[in-house]
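*Asks:* My questions all concern the structure below.
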Amino acid sequence: MLLFTCKCPNCSSENIRHDYVYRTISNGDREMFLCQDCKYSFSETKNTFLQDIRKPVSKIWEVLNARTEGTSLNATCRIFKIAKNTLLAWERKFSYLYSTLFIYSMAHTFIQSVIEGDEFYTKVKKNVPAEESSGWTIVLMDRASRFIWEMSCGKKDRSLFEKAIKTLAELVNQTEDITLLTDGERRYGKILFEICHELFQTGMRGRPRKVLKKGVTVRVKNKGSQAHKKGRKRPKYQTTCPQHPETTNHITDKETHANHVEANNAAMRRKCSAYRRKTNTYAKSETGLQRVLNVYWVVHNFLRVHFTTKKVPAVSLGVLECETTPEVLFSAQYV
Ligand SMILES: [Zn+2]
């Protein structure tokens with residue numbers, strides 16, 4: 001089974017034919033292909049995670065599974081007796097796999113989606129005030145499938161939100177009816193609004209009202225009790241941006257209240273050593289943190305059965321027909 005059709009890495013032609021088979025030391029037989037258009041000869045592992053990898057796939061998966069179940073970089077190297085640079089190289093390769101699978105997933109269309117947005121934080125390199133840290137991580141998760149669309153880290157500033165919202169805007173284009181639920185962070189709604197609004201013609205005179213795209217809802221959960229405060233009490237749940245009049249808001253307060261992404265954040269503190277509290281396994285750099293997040297993204301979405309739904313998130317979401325194996329995923333050609 002192949003995730004994508006095999007293309008020529010030189011000219012992108014799909015007109016390729018089998019050339020010959022060669023034997024590898026630890027990963028069995030591999031095929032060589034010949035491009036019929038440009039006569040380029042290439043191995044089936046060209047431009048995939050498996051290119052230049054000699055260790056058996058089963059061993060790599062064992063190691064990466066441990067890494068995404070909470071074992072730190074150094075501990076993983078000690079346990080599996082591998083060099084730190086080997087493990088780092090494997091993890092870095094995941095950024096290509098992540099981009100490829102992200103594009104692949106985003107090429108699907110969805111009827112309805114409720115996205116939960118949240119942010120959480122870890123220490124990077126040394127202790128600095130939380131606001132200055134580059135260890136902020138924004139998570140956007142599809143509620144029903146637990147598929148994580150976005151997981152980017154950086155300083156908690158506008159550019160971090162914009163990155164996440166860009167993903168959301170793409171998702172808006174692929175989904176008929178989409179709701180974003182967030183926990184008190186108003187910036188999501190504001191930036192999303194800037195990106196997604198469309199001018200709505202009321203037929204009346206004057207400047208047309210700006211509203212969100214049809215089918216898009218943003219709801220914010222107001223944190224804490226406002227009971228003791230003076231003045232007008234804020235409702236517990238608020239729709240922050242003007243909706244398109246044809247958008248039907250079908251999300252109840254009870255549905256707004258459920259929070260799965262927070263549970264996922266707790267899981268990530270256990271499973272991603274860089275997010276563990278009160279230890280020295282925290283990330284040493286922002287690039288390093290994003291590297292492990294990309295690994296986590298792939299493993300969480302495409303390989304691991306979710307504890308609650310009992311399904312692999314990519315299967316629940318419908319971007320994969322059935323569960324896949326590390327072998328299949330690692331042999332996907334990068335786009
Ligand atoms: Zn070619």
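Each chain of the structure tokens is named A, B, ... in the order shown, its residues numbered from 1; ligands are numbered from 1 in display order.
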So that each row is one residue of chain A with an atom at most 12 Å from ligand 1, can you give its shortest atom pair and the distance in Å to one decimal, using only C-alpha atoms and all ligand atoms, rows by chain and rising number, as JSON lines?
*Replies:*
```
{"residue": "A:Cys6", "atom": "CA", "partner": "ligand 1", "partner_atom_place_in_ligand_line": "1 (Zn)", "distance": 11.2}
{"residue": "A:Lys7", "atom": "CA", "partner": "ligand 1", "partner_atom_place_in_ligand_line": "1 (Zn)", "distance": 7.9}
{"residue": "A:Cys8", "atom": "CA", "partner": "ligand 1", "partner_atom_place_in_ligand_line": "1 (Zn)", "distance": 4.6}
{"residue": "A:Pro9", "atom": "CA", "partner": "ligand 1", "partner_atom_place_in_ligand_line": "1 (Zn)", "distance": 6.6}
{"residue": "A:Asn10", "atom": "CA", "partner": "ligand 1", "partner_atom_place_in_ligand_line": "1 (Zn)", "distance": 4.9}
{"residue": "A:Cys11", "atom": "CA", "partner": "ligand 1", "partner_atom_place_in_ligand_line": "1 (Zn)", "distance": 4.0}
{"residue": "A:Ser12", "atom": "CA", "partner": "ligand 1", "partner_atom_place_in_ligand_line": "1 (Zn)", "distance": 6.0}
{"residue": "A:Ser13", "atom": "CA", "partner": "ligand 1", "partner_atom_place_in_ligand_line": "1 (Zn)", "distance": 5.3}
{"residue": "A:Glu14", "atom": "CA", "partner": "ligand 1", "partner_atom_place_in_ligand_line": "1 (Zn)", "distance": 8.0}
{"residue": "A:Asn15", "atom": "CA", "partner": "ligand 1", "partner_atom_place_in_ligand_line": "1 (Zn)", "distance": 7.8}
{"residue": "A:Ile16", "atom": "CA", "partner": "ligand 1", "partner_atom_place_in_ligand_line": "1 (Zn)", "distance": 7.7}
{"residue": "A:Arg17", "atom": "CA", "partner": "ligand 1", "partner_atom_place_in_ligand_line": "1 (Zn)", "distance": 10.7}
{"residue": "A:Phe33", "atom": "CA", "partner": "ligand 1", "partner_atom_place_in_ligand_line": "1 (Zn)", "distance": 10.1}
{"residue": "A:Leu34", "atom": "CA", "partner": "ligand 1", "partner_atom_place_in_ligand_line": "1 (Zn)", "distance": 7.9}
{"residue": "A:Cys35", "atom": "CA", "partner": "ligand 1", "partner_atom_place_in_ligand_line": "1 (Zn)", "distance": 4.6}
{"residue": "A:Gln36", "atom": "CA", "partner": "ligand 1", "partner_atom_place_in_ligand_line": "1 (Zn)", "distance": 6.7}
{"residue": "A:Asp37", "atom": "CA", "partner": "ligand 1", "partner_atom_place_in_ligand_line": "1 (Zn)", "distance": 5.2}
{"residue": "A:Cys38", "atom": "CA", "partner": "ligand 1", "partner_atom_place_in_ligand_line": "1 (Zn)", "distance": 4.2}
{"residue": "A:Lys39", "atom": "CA", "partner": "ligand 1", "partner_atom_place_in_ligand_line": "1 (Zn)", "distance": 6.1}
{"residue": "A:Tyr40", "atom": "CA", "partner": "ligand 1", "partner_atom_place_in_ligand_line": "1 (Zn)", "distance": 5.4}
{"residue": "A:Ser41", "atom": "CA", "partner": "ligand 1", "partner_atom_place_in_ligand_line": "1 (Zn)", "distance": 8.3}
{"residue": "A:Phe42", "atom": "CA", "partner": "ligand 1", "partner_atom_place_in_ligand_line": "1 (Zn)", "distance": 9.5}
```
*Asks:* Check the DSSP output for the backbone and give back, as a ChimeraX atom specification, the residues of stretch 23-251 of chain A in helix (DSSP H, G or I).
*Replies:* /A:57-67,73-80,84-106,130-132,158-174,186-196
*Asks:* Near A:Ser105, within 10 Å and counting only C-alpha atoms, which residues show up once chain neighbours fewer than 5 positions away are dropped, as number ranges by chain?
*Replies:* A: 99-100, 149, 314, 317-320
*Asks:* What is the atom CA of A:Leu180 to atom CA of A:Val124 distance in Å?
*Replies:*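 A separation of 28.6 Å between them.
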*Asks:* May I have the residues within 12 Å of A:Glu323 as a list in words, using only C-alpha atoms and disregarding those fewer than 6 positions away in the same chain?
*Replies:* Met1, Leu3, Asn301, Phe302, Leu303, Arg304, Val305, His306, Lys310, Lys311, Val312, Pro313, Ala314, Val315, Ser316, Leu317 and Leu329 of chain A
*Asks:* Suppose we keep C-alpha atoms; can you now write the selection as a CSV table (one decimal), in the first residue's frame?
*Replies:*
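Saved as out-v5.csv:
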```
chain,number,residue,atom,x,y,z
A,1,MET,CA,0.0,0.0,0.0
A,3,LEU,CA,0.1,6.7,0.5
A,301,ASN,CA,-2.2,11.8,14.1
A,302,PHE,CA,-1.1,8.9,11.9
A,303,LEU,CA,0.3,6.1,14.0
A,304,ARG,CA,-1.1,6.0,17.5
A,305,VAL,CA,-4.5,4.8,18.5
A,306,HIS,CA,-6.2,7.5,20.6
A,310,LYS,CA,-9.9,3.9,20.2
A,311,LYS,CA,-9.0,5.1,16.6
A,312,VAL,CA,-6.0,6.7,14.9
A,313,PRO,CA,-7.0,10.4,14.6
A,314,ALA,CA,-6.3,10.5,10.8
A,315,VAL,CA,-8.7,7.5,10.4
A,316,SER,CA,-11.4,9.2,12.5
A,317,LEU,CA,-11.0,12.4,10.5
A,329,LEU,CA,4.4,6.2,6.4
```
*Asks:* Kindly give the distance, in Å, that separates atom CA of A:His300 and atom CA of A:Tyr334, rounded to a single decimal.
*Replies:*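 Here the two named atoms are 19.1 Å from each other.
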*Asks:* So that I can see what lies close to A:Glu131, please list as a list in words the residues with an atom at most 10 Å from it, counting only C-alpha atoms and leaving out residues fewer than 6 positions away in the same chain.
*Replies:*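 Residues near the query, excluding close chain neighbours: Tyr121, Lys155, Lys156 and Asp157 of chain A.
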